[in-house]
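Chemist: Sharing a structure, written as structure tokens. Questions coming.
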Amino acid sequence: MKNILITGGAGFIGSNFIPYFLNKYSEYNLINLDKLTYAGDLVNLEEVKSDDRYTFVQGDICDRSLIEKLFKQYNFQGVIHFAAESHVDNSIEGPEAFINTNINGTFTLIDVARKHWMNSPFEKRSEFKEARFHHISTDEVYGTLGETGFFNETTPYAPNSPYSASKASSDMLVRSYFHTYGLNVVTTNCSNNYGPKQHDEKLIPVIIRKALNGENIPIYGDGKNIRDWLYVLDHCKGIDLVFHKGKSGETYNIGGRNEKNNNEVANTICEILDKKSPRKDRISYKSQITYVKDRAGHDRRYAIDASKIEDKLGWKADENFDTGIDLTLDWYLKKYTEVNT
């Protein structure tokens with residue numbers, strides 16, 4: 001049995017990844033370290049809490065003594081690092097938490113991993129020959145695109161918010177530990193995830209919740225900001241592939257090839273809700289869409305070229321936006337119906 005440290009596993013992507021990973025592989029024990037900030041919720045992991053191969057530890061990735069203790073206790077053969085402050089609006093209001101968690105936390109984790117797994121630069125301890133540090137990042141590190149073109153793994157970094165700047169910094173730290181020490185690392189940069197268990201304040205859950213509650217559905221600016229939407233389980237499958245088969249020191253971009261602007265996302269959700277849970281007055285939920293002042297540093301367009309992970313590792317998204325959003329809406333309809341009954 002191999003012990004793997006999962007950081008931030010009570011968050012959106014991590015809490016989808018852990019059940020998927022435990023179900024697929026019998027040879028791993030997963031130790032989930034999560035601070036349980038606003039974005040983490042153990043309710044997301046109810047399905048695995050009684051699994052003997054799953055352990056939860058509440059704690060902060062910036063707490064070096066805790067990280068060292070866990071490495072000594074479990075002798076981790078891998079780290080899959082989800083933990084991050086990731087809400088762009090929050091990074092504009094209070095950037096310090098993003099610097100602490102995303103930069104200092106990543107440094108603490110990878111530095112403890114290096115000291116535990118290696119005798120010296122480029123000399124791995126015999127029992128940790130295959131140990132790997134997998135860093136989960138975002139396409140926002142690349143900045144913004146015009147109407148054409150795509151982000152790929154060689155696109156220069158140009159972060160435009162405190163959040164994306166902190167993630168770019170963490171990516172560079174991970175890269176440096178490969179080149180300086182020979183640590184076995186991989187990084188994945190993903191496009192906008194959506195699906196079950198996402199925090200209520202993210203765009204798609206906001207649209208669904210506001211619609212069902214009869215409130216205005218707020219859309220920033222003109223609603224024409226474009227994102228490449230990736231269903232969360234497809235992302236989990238990509239992480240799995242890179243963790244097991246990715247080349248050490250490499251970065252892999254994971255994107256859904258589903259570019260939609262915010263107007264399209266909102267209208268699609270409203271149209272599906274009109275069918276699945278129509279308003280009593282039979283007026284479309286689209287009538288609730290309201291445009292609000294654009295946020296600061298709002299990138300216009302993100303789009304990922306996922307050719308590398310597709311060609312090198314054979315990954316391909318199983319869900320397009322139409323199928324993925326339908327699955328997502330079913331999950332949130334159940335959640336919000338239970339909340340209101």
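If you're wondering about the labels, chains in the structure tokens are A, B, ... by order shown, residues count from 1 in each chain, ligands from 1 in order shown.
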Give me the residues within 6 Å of range 230-239 of chain A as a VMD selection string, counting only C-alpha atoms and dropping any in the same chain fewer than 3 places off.
Modeler: chain A and resid 17 192 to 195 242 to 243 255 to 256 317 324
Chemist: Could you save those same residues with C-alpha atoms as a compact mmCIF listing (two decimals), in the first residue's frame?
Modeler:
# COMPACT_ATOMS: atom_id res chain seq x y z
CA PHE A 17 -10.93 13.34 -7.00
CA ASN A 192 -12.56 26.50 -15.53
CA ASN A 193 -13.98 23.48 -13.72
CA TYR A 194 -17.67 22.93 -13.09
CA GLY A 195 -19.74 20.10 -11.68
CA VAL A 242 -0.41 12.83 -15.27
CA PHE A 243 0.32 11.61 -11.75
CA GLY A 255 -8.94 21.88 -20.95
CA GLY A 256 -12.40 20.87 -22.05
CA ALA A 317 -12.73 14.82 -22.01
CA GLY A 324 -21.71 18.09 -18.33
Chemist: At a cut-off of 9 Å, using only C-alpha atoms, what residues contact range 147-150 of chain A? Leave out same-chain residues fewer than 2 positions from it and give the result as a PyMOL selection string.
Modeler: chain A and resi 145+152+155+300-305
Chemist: Go ahead and save the residues from that selection, with N, CA, C and O atoms, as a PDB file, in the first residue's frame.
Modeler:
ATOM      1  N   LEU A 145      -6.498  36.158 -23.287  1.00  0.00           N
ATOM      2  CA  LEU A 145      -6.351  35.980 -24.727  1.00  0.00           C
ATOM      3  C   LEU A 145      -7.227  36.964 -25.482  1.00  0.00           C
ATOM      4  O   LEU A 145      -8.227  37.449 -24.961  1.00  0.00           O
ATOM      5  N   ASN A 152      -0.949  27.284 -24.411  1.00  0.00           N
ATOM      6  CA  ASN A 152      -0.313  25.971 -24.353  1.00  0.00           C
ATOM      7  C   ASN A 152       0.788  26.007 -23.297  1.00  0.00           C
ATOM      8  O   ASN A 152       0.964  27.017 -22.614  1.00  0.00           O
ATOM      9  N   THR A 155       3.231  28.983 -23.331  1.00  0.00           N
ATOM     10  CA  THR A 155       2.729  30.357 -23.290  1.00  0.00           C
ATOM     11  C   THR A 155       3.375  31.107 -22.126  1.00  0.00           C
ATOM     12  O   THR A 155       3.389  30.601 -20.996  1.00  0.00           O
ATOM     13  N   ARG A 300     -10.475  38.648 -20.237  1.00  0.00           N
ATOM     14  CA  ARG A 300     -11.529  38.556 -21.243  1.00  0.00           C
ATOM     15  C   ARG A 300     -11.769  37.135 -21.738  1.00  0.00           C
ATOM     16  O   ARG A 300     -12.901  36.697 -21.902  1.00  0.00           O
ATOM     17  N   ARG A 301     -10.699  36.418 -21.983  1.00  0.00           N
ATOM     18  CA  ARG A 301     -10.885  35.085 -22.576  1.00  0.00           C
ATOM     19  C   ARG A 301      -9.766  34.156 -22.135  1.00  0.00           C
ATOM     20  O   ARG A 301      -8.597  34.529 -22.119  1.00  0.00           O
ATOM     21  N   TYR A 302     -10.160  32.937 -21.755  1.00  0.00           N
ATOM     22  CA  TYR A 302      -9.220  31.842 -21.529  1.00  0.00           C
ATOM     23  C   TYR A 302      -9.593  30.706 -22.469  1.00  0.00           C
ATOM     24  O   TYR A 302     -10.772  30.417 -22.669  1.00  0.00           O
ATOM     25  N   ALA A 303      -8.595  30.040 -23.010  1.00  0.00           N
ATOM     26  CA  ALA A 303      -8.848  28.836 -23.808  1.00  0.00           C
ATOM     27  C   ALA A 303      -7.576  28.002 -23.834  1.00  0.00           C
ATOM     28  O   ALA A 303      -6.491  28.532 -24.076  1.00  0.00           O
ATOM     29  N   ILE A 304      -7.709  26.736 -23.563  1.00  0.00           N
ATOM     30  CA  ILE A 304      -6.553  25.847 -23.448  1.00  0.00           C
ATOM     31  C   ILE A 304      -6.431  24.931 -24.659  1.00  0.00           C
ATOM     32  O   ILE A 304      -7.420  24.384 -25.145  1.00  0.00           O
ATOM     33  N   ASP A 305      -5.210  24.789 -25.133  1.00  0.00           N
ATOM     34  CA  ASP A 305      -4.870  23.766 -26.113  1.00  0.00           C
ATOM     35  C   ASP A 305      -4.416  22.534 -25.328  1.00  0.00           C
ATOM     36  O   ASP A 305      -3.336  22.528 -24.735  1.00  0.00           O
TER      37      ASP A 305
END
Chemist: Report the distance between CA of Ala158 in chain A and CA of Asp60 in chain A in Å, rounded to one decimal place.
Modeler: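 Interatomic distance, CA of Ala158 in chain A to CA of Asp60 in chain A: 28.3 Å.
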Chemist: Considering only C-alpha atoms, state which residue in the set A:Phe76, A:Tyr54, A:Tyr157, A:Phe82 is at the smallest distance from Gly9 in chain A.
Modeler: A:Phe82
Chemist: Which residues in range 202-251 of chain A does DSSP call alpha helix (DSSP H)? List them as a list in words.
Modeler: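 Here are the alpha helix (DSSP H) residues of range 202-251 of chain A: Leu203, Ile204, Pro205, Val206, Ile207, Ile208, Arg209, Lys210, Ala211, Leu212, Val232, Leu233, Asp234, His235, Cys236, Lys237, Gly238, Ile239, Asp240, Leu241, Val242, Phe243, His244 and Lys245 of chain A.
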Chemist: Could those selected residues go to a file with N, CA, C and O atoms, as an mmCIF file, in the first residue's frame?
Modeler:
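After the write, part-v9.cif holds the following:
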data_model
loop_
_atom_site.group_PDB
_atom_site.id
_atom_site.type_symbol
_atom_site.label_atom_id
_atom_site.label_comp_id
_atom_site.auth_asym_id
_atom_site.auth_seq_id
_atom_site.Cartn_x
_atom_site.Cartn_y
_atom_site.Cartn_z
ATOM 1 N N LEU A 203 -19.568 30.844 -10.280
ATOM 2 C CA LEU A 203 -20.533 31.324 -11.266
ATOM 3 C C LEU A 203 -21.704 30.377 -11.500
ATOM 4 O O LEU A 203 -22.869 30.784 -11.397
ATOM 5 N N ILE A 204 -21.439 29.132 -11.843
ATOM 6 C CA ILE A 204 -22.531 28.228 -12.209
ATOM 7 C C ILE A 204 -23.452 27.937 -11.029
ATOM 8 O O ILE A 204 -24.689 28.027 -11.173
ATOM 9 N N PRO A 205 -22.932 27.617 -9.831
ATOM 10 C CA PRO A 205 -23.851 27.466 -8.685
ATOM 11 C C PRO A 205 -24.634 28.747 -8.372
ATOM 12 O O PRO A 205 -25.808 28.669 -7.995
ATOM 13 N N VAL A 206 -23.997 29.921 -8.539
ATOM 14 C CA VAL A 206 -24.704 31.183 -8.304
ATOM 15 C C VAL A 206 -25.893 31.314 -9.250
ATOM 16 O O VAL A 206 -27.006 31.656 -8.840
ATOM 17 N N ILE A 207 -25.673 31.033 -10.529
ATOM 18 C CA ILE A 207 -26.755 31.147 -11.507
ATOM 19 C C ILE A 207 -27.910 30.216 -11.120
ATOM 20 O O ILE A 207 -29.083 30.618 -11.112
ATOM 21 N N ILE A 208 -27.601 28.982 -10.781
ATOM 22 C CA ILE A 208 -28.640 28.006 -10.441
ATOM 23 C C ILE A 208 -29.385 28.435 -9.175
ATOM 24 O O ILE A 208 -30.624 28.444 -9.134
ATOM 25 N N ARG A 209 -28.622 28.779 -8.146
ATOM 26 C CA ARG A 209 -29.235 29.120 -6.851
ATOM 27 C C ARG A 209 -30.089 30.377 -6.937
ATOM 28 O O ARG A 209 -31.221 30.411 -6.433
ATOM 29 N N LYS A 210 -29.560 31.409 -7.595
ATOM 30 C CA LYS A 210 -30.319 32.656 -7.717
ATOM 31 C C LYS A 210 -31.592 32.437 -8.539
ATOM 32 O O LYS A 210 -32.659 32.981 -8.218
ATOM 33 N N ALA A 211 -31.461 31.654 -9.599
ATOM 34 C CA ALA A 211 -32.633 31.379 -10.431
ATOM 35 C C ALA A 211 -33.728 30.714 -9.603
ATOM 36 O O ALA A 211 -34.880 31.167 -9.585
ATOM 37 N N LEU A 212 -33.367 29.663 -8.894
ATOM 38 C CA LEU A 212 -34.360 28.901 -8.133
ATOM 39 C C LEU A 212 -34.965 29.706 -6.992
ATOM 40 O O LEU A 212 -36.122 29.493 -6.614
ATOM 41 N N VAL A 232 -15.608 18.492 -13.963
ATOM 42 C CA VAL A 232 -14.645 18.194 -12.907
ATOM 43 C C VAL A 232 -14.148 16.746 -12.943
ATOM 44 O O VAL A 232 -12.965 16.485 -12.684
ATOM 45 N N LEU A 233 -15.003 15.802 -13.274
ATOM 46 C CA LEU A 233 -14.554 14.412 -13.308
ATOM 47 C C LEU A 233 -13.576 14.173 -14.453
ATOM 48 O O LEU A 233 -12.638 13.373 -14.321
ATOM 49 N N ASP A 234 -13.752 14.882 -15.568
ATOM 50 C CA ASP A 234 -12.764 14.811 -16.649
ATOM 51 C C ASP A 234 -11.417 15.338 -16.173
ATOM 52 O O ASP A 234 -10.356 14.797 -16.525
ATOM 53 N N HIS A 235 -11.445 16.405 -15.379
ATOM 54 C CA HIS A 235 -10.210 16.932 -14.808
ATOM 55 C C HIS A 235 -9.557 15.895 -13.906
ATOM 56 O O HIS A 235 -8.335 15.669 -13.959
ATOM 57 N N CYS A 236 -10.341 15.240 -13.063
ATOM 58 C CA CYS A 236 -9.809 14.222 -12.162
ATOM 59 C C CYS A 236 -9.114 13.106 -12.938
ATOM 60 O O CYS A 236 -8.050 12.618 -12.534
ATOM 61 N N LYS A 237 -9.703 12.709 -14.032
ATOM 62 C CA LYS A 237 -9.104 11.653 -14.859
ATOM 63 C C LYS A 237 -7.785 12.123 -15.476
ATOM 64 O O LYS A 237 -6.835 11.331 -15.610
ATOM 65 N N GLY A 238 -7.709 13.408 -15.833
ATOM 66 C CA GLY A 238 -6.466 13.955 -16.353
ATOM 67 C C GLY A 238 -5.379 13.999 -15.294
ATOM 68 O O GLY A 238 -4.211 13.674 -15.562
ATOM 69 N N ILE A 239 -5.749 14.386 -14.079
ATOM 70 C CA ILE A 239 -4.794 14.411 -12.965
ATOM 71 C C ILE A 239 -4.255 13.005 -12.712
ATOM 72 O O ILE A 239 -3.044 12.801 -12.532
ATOM 73 N N ASP A 240 -5.137 12.037 -12.701
ATOM 74 C CA ASP A 240 -4.765 10.633 -12.517
ATOM 75 C C ASP A 240 -3.710 10.224 -13.550
ATOM 76 O O ASP A 240 -2.665 9.642 -13.220
ATOM 77 N N LEU A 241 -3.960 10.524 -14.805
ATOM 78 C CA LEU A 241 -3.032 10.167 -15.877
ATOM 79 C C LEU A 241 -1.674 10.838 -15.707
ATOM 80 O O LEU A 241 -0.629 10.193 -15.855
ATOM 81 N N VAL A 242 -1.675 12.112 -15.407
ATOM 82 C CA VAL A 242 -0.414 12.832 -15.268
ATOM 83 C C VAL A 242 0.360 12.341 -14.049
ATOM 84 O O VAL A 242 1.584 12.162 -14.096
ATOM 85 N N PHE A 243 -0.345 12.104 -12.956
ATOM 86 C CA PHE A 243 0.319 11.609 -11.748
ATOM 87 C C PHE A 243 1.016 10.279 -12.003
ATOM 88 O O PHE A 243 2.141 10.043 -11.542
ATOM 89 N N HIS A 244 0.388 9.404 -12.769
ATOM 90 C CA HIS A 244 0.947 8.072 -13.008
ATOM 91 C C HIS A 244 1.863 7.992 -14.225
ATOM 92 O O HIS A 244 2.819 7.211 -14.217
ATOM 93 N N LYS A 245 1.584 8.775 -15.253
ATOM 94 C CA LYS A 245 2.294 8.586 -16.513
ATOM 95 C C LYS A 245 2.996 9.839 -17.049
ATOM 96 O O LYS A 245 3.728 9.766 -18.040
#
Chemist: Expressed in Å to a single decimal, how great is the separation between CA of His135 in chain A and CA of Thr323 in chain A?
Modeler: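 Spanning CA of His135 in chain A to CA of Thr323 in chain A is a straight-line distance of 28.2 Å.
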Chemist: Determine the nearest neighbour of Pro121 in chain A from the options A:Leu183, A:Ile325, A:Ala296, A:Ile4, counting only C-alpha atoms.
Modeler: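 Answer, going by the shortest atom-to-atom distance: A:Leu183.
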Chemist: According to DSSP computed on the backbone, where in range 175-274 of chain A is there strand (DSSP E)? Give the residues as a PyMOL selection string.
Modeler: chain A and resi 185-190+192-194+217-220+226-231+251-254+259-261
Chemist: Residues as selected, N, CA, C and O atoms, written as a CSV table (one decimal), in the first residue's frame, can you do that?
Modeler:
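Listing of part-v6.csv after writing:
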chain,number,residue,atom,x,y,z
A,185,VAL,N,8.6,16.1,-10.1
A,185,VAL,CA,7.4,16.9,-10.0
A,185,VAL,C,6.7,16.9,-11.3
A,185,VAL,O,7.3,16.7,-12.4
A,186,VAL,N,5.4,17.1,-11.3
A,186,VAL,CA,4.6,17.4,-12.5
A,186,VAL,C,3.6,18.5,-12.1
A,186,VAL,O,3.2,18.6,-10.9
A,187,THR,N,3.3,19.3,-13.1
A,187,THR,CA,2.3,20.4,-12.9
A,187,THR,C,1.2,20.3,-13.9
A,187,THR,O,1.5,20.0,-15.1
A,188,THR,N,-0.1,20.5,-13.5
A,188,THR,CA,-1.2,20.6,-14.4
A,188,THR,C,-1.9,21.9,-14.3
A,188,THR,O,-2.1,22.4,-13.2
A,189,ASN,N,-2.1,22.5,-15.4
A,189,ASN,CA,-2.9,23.8,-15.4
A,189,ASN,C,-4.2,23.6,-16.1
A,189,ASN,O,-4.2,23.2,-17.3
A,190,CYS,N,-5.3,23.8,-15.4
A,190,CYS,CA,-6.6,23.5,-15.9
A,190,CYS,C,-7.4,24.7,-16.3
A,190,CYS,O,-7.1,25.8,-15.8
A,192,ASN,N,-11.5,26.4,-16.5
A,192,ASN,CA,-12.6,26.5,-15.5
A,192,ASN,C,-13.3,25.2,-15.3
A,192,ASN,O,-13.9,24.7,-16.2
A,193,ASN,N,-13.2,24.7,-14.1
A,193,ASN,CA,-14.0,23.5,-13.7
A,193,ASN,C,-15.4,23.8,-13.4
A,193,ASN,O,-15.7,24.9,-12.8
A,194,TYR,N,-16.3,22.8,-13.6
A,194,TYR,CA,-17.7,22.9,-13.1
A,194,TYR,C,-18.1,21.5,-12.8
A,194,TYR,O,-17.6,20.5,-13.3
A,217,ILE,N,-30.0,37.2,-11.3
A,217,ILE,CA,-28.9,36.4,-11.6
A,217,ILE,C,-27.8,37.4,-12.1
A,217,ILE,O,-27.9,38.0,-13.2
A,218,PRO,N,-26.7,37.6,-11.3
A,218,PRO,CA,-25.8,38.7,-11.6
A,218,PRO,C,-24.7,38.2,-12.6
A,218,PRO,O,-24.1,37.2,-12.4
A,219,ILE,N,-24.5,39.0,-13.7
A,219,ILE,CA,-23.5,38.7,-14.7
A,219,ILE,C,-22.6,39.9,-14.8
A,219,ILE,O,-23.1,41.0,-15.0
A,220,TYR,N,-21.3,39.7,-14.6
A,220,TYR,CA,-20.4,40.8,-14.7
A,220,TYR,C,-20.3,41.5,-16.1
A,220,TYR,O,-20.3,40.8,-17.1
A,226,ILE,N,-15.1,35.0,-21.9
A,226,ILE,CA,-15.1,33.6,-22.4
A,226,ILE,C,-14.2,32.7,-21.5
A,226,ILE,O,-13.1,33.1,-21.2
A,227,ARG,N,-14.7,31.6,-21.2
A,227,ARG,CA,-14.0,30.6,-20.4
A,227,ARG,C,-14.1,29.2,-21.2
A,227,ARG,O,-15.1,28.9,-21.8
A,228,ASP,N,-13.1,28.4,-21.0
A,228,ASP,CA,-13.1,27.0,-21.5
A,228,ASP,C,-13.5,26.1,-20.4
A,228,ASP,O,-12.8,26.0,-19.3
A,229,TRP,N,-14.7,25.5,-20.5
A,229,TRP,CA,-15.3,24.8,-19.3
A,229,TRP,C,-14.9,23.4,-19.4
A,229,TRP,O,-15.1,22.7,-20.4
A,230,LEU,N,-14.5,22.9,-18.2
A,230,LEU,CA,-14.0,21.5,-18.0
A,230,LEU,C,-14.8,20.8,-16.9
A,230,LEU,O,-14.8,21.3,-15.8
A,231,TYR,N,-15.5,19.7,-17.3
A,231,TYR,CA,-16.2,19.0,-16.2
A,231,TYR,C,-15.3,18.4,-15.2
A,231,TYR,O,-14.3,17.8,-15.6
A,251,THR,N,4.9,20.1,-17.6
A,251,THR,CA,3.6,20.7,-17.4
A,251,THR,C,2.6,20.2,-18.4
A,251,THR,O,3.0,20.0,-19.6
A,252,TYR,N,1.4,19.9,-18.0
A,252,TYR,CA,0.3,19.5,-18.9
A,252,TYR,C,-0.9,20.4,-18.7
A,252,TYR,O,-1.4,20.5,-17.6
A,253,ASN,N,-1.4,20.9,-19.8
A,253,ASN,CA,-2.6,21.7,-19.7
A,253,ASN,C,-3.8,20.9,-20.0
A,253,ASN,O,-3.9,20.1,-20.9
A,254,ILE,N,-4.8,21.0,-19.1
A,254,ILE,CA,-6.0,20.2,-19.2
A,254,ILE,C,-7.2,21.1,-19.4
A,254,ILE,O,-7.6,21.9,-18.6
A,259,GLU,N,-15.5,26.3,-25.1
A,259,GLU,CA,-15.5,27.8,-24.9
A,259,GLU,C,-16.9,28.3,-24.9
A,259,GLU,O,-17.7,28.1,-25.8
A,260,LYS,N,-17.3,29.0,-23.8
A,260,LYS,CA,-18.6,29.6,-23.7
A,260,LYS,C,-18.4,30.9,-23.0
A,260,LYS,O,-17.6,31.1,-22.0
A,261,ASN,N,-19.1,32.0,-23.4
A,261,ASN,CA,-19.1,33.2,-22.7
A,261,ASN,C,-20.1,33.1,-21.6
A,261,ASN,O,-21.0,32.2,-21.5
Chemist: Report the distance between CA of Ala10 in chain A and CA of Asn32 in chain A in Å, rounded to one decimal place.
Modeler: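 CA of Asn32 in chain A lies at a distance of 7.8 Å from CA of Ala10 in chain A.
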Chemist: Counting only C-alpha atoms, which residues of range 30-58 of chain A fall within 12 Å of range 83-103 of chain A, and what is the closest atom pair for each with its distance in Å at one decimal, ordered by chain and rising number, as JSON lines?
Modeler:
{"residue": "A:Asn32", "atom": "CA", "partner": "A:Ala83", "partner_atom": "CA", "distance": 10.2}
{"residue": "A:Leu33", "atom": "CA", "partner": "A:Ala83", "partner_atom": "CA", "distance": 8.6}
{"residue": "A:Asp34", "atom": "CA", "partner": "A:Ala83", "partner_atom": "CA", "distance": 7.3}
{"residue": "A:Lys35", "atom": "CA", "partner": "A:Ala83", "partner_atom": "CA", "distance": 8.7}
{"residue": "A:Leu36", "atom": "CA", "partner": "A:Ala83", "partner_atom": "CA", "distance": 10.2}
{"residue": "A:Thr37", "atom": "CA", "partner": "A:Glu85", "partner_atom": "CA", "distance": 9.2}
{"residue": "A:Tyr38", "atom": "CA", "partner": "A:Glu85", "partner_atom": "CA", "distance": 10.0}
{"residue": "A:Ala39", "atom": "CA", "partner": "A:Glu85", "partner_atom": "CA", "distance": 8.4}
{"residue": "A:Gly40", "atom": "CA", "partner": "A:Ala83", "partner_atom": "CA", "distance": 9.6}
Chemist: Can you pull out every residue within 7 Å of range 66-74 of chain A, counting only C-alpha atoms, but drop anything in the same chain fewer than 5 positions away, and send it as a ChimeraX atom specification?
Modeler: /A:3,61,109,112
Chemist: Selected residues, all heavy atoms, written as a short mmCIF file (atom, residue, chain, number, x, y, z; two decimals), in the first residue's frame, please.
Modeler:
data_model
loop_
_atom_site.label_atom_id
_atom_site.label_comp_id
_atom_site.auth_asym_id
_atom_site.auth_seq_id
_atom_site.Cartn_x
_atom_site.Cartn_y
_atom_site.Cartn_z
N ASN A 3 1.02 5.36 0.61
CA ASN A 3 0.33 6.49 1.23
C ASN A 3 0.55 7.74 0.38
O ASN A 3 1.70 8.11 0.07
CB ASN A 3 0.87 6.74 2.64
CG ASN A 3 0.52 5.62 3.58
OD1 ASN A 3 -0.47 4.92 3.41
ND2 ASN A 3 1.35 5.42 4.61
N ILE A 61 -1.42 23.91 5.35
CA ILE A 61 -0.22 23.53 4.60
C ILE A 61 0.96 24.44 4.90
O ILE A 61 2.10 24.11 4.56
CB ILE A 61 -0.48 23.48 3.08
CG1 ILE A 61 -0.95 24.84 2.54
CG2 ILE A 61 -1.46 22.37 2.73
CD1 ILE A 61 -1.01 24.91 1.03
N LEU A 109 5.25 22.60 1.58
CA LEU A 109 4.99 21.23 1.16
C LEU A 109 6.14 20.65 0.34
O LEU A 109 6.62 19.54 0.62
CB LEU A 109 3.71 21.18 0.32
CG LEU A 109 2.37 21.22 1.03
CD1 LEU A 109 1.26 21.45 0.02
CD2 LEU A 109 2.13 19.92 1.79
N VAL A 112 9.49 20.21 2.36
CA VAL A 112 9.46 19.05 3.26
C VAL A 112 9.54 17.76 2.44
O VAL A 112 10.25 16.82 2.82
CB VAL A 112 8.19 19.07 4.14
CG1 VAL A 112 8.06 17.76 4.92
CG2 VAL A 112 8.23 20.25 5.10
#
Chemist: Which is closest to Asn104 in chain A among A:Ser169, A:Asn44, A:Asn75, A:Thr55, if we use only C-alpha atoms?
Modeler: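 That would be A:Ser169, the residue with the smallest distance to Asn104 in chain A.
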Chemist: With a distance cut-off of 10 Å and only C-alpha atoms, select the neighbouring residues of Tyr28 in chain A, excluding the residue or stretch itself and same-chain residues fewer than 3 positions from it, and output the selection as a ChimeraX atom specification.
Modeler: /A:1-4,21-22,24-25,31,53-54,77
Chemist: Can you pull out the residues contacting Cys270 in chain A? Cut-off 7 Å, using only C-alpha atoms, and skip same-chain residues under 4 positions away; I want them as a list in words.
Modeler: Ala266, Asp274, Tyr285 and Lys286 of chain A
Chemist: Restricting the calculation to only C-alpha atoms: of A:Asp222, A:Gly78, A:Ser161, A:Gly214, which residue gets closest to Phe128 in chain A?
Modeler: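 Checking each candidate against Phe128 in chain A, we get A:Gly78 as the closest.
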Chemist: Counting only C-alpha atoms, figure out which residue out of A:Ser15, A:Ser307, A:Ser277, A:Thr268 gets nearest to Lys197 in chain A.
Modeler: A:Ser15
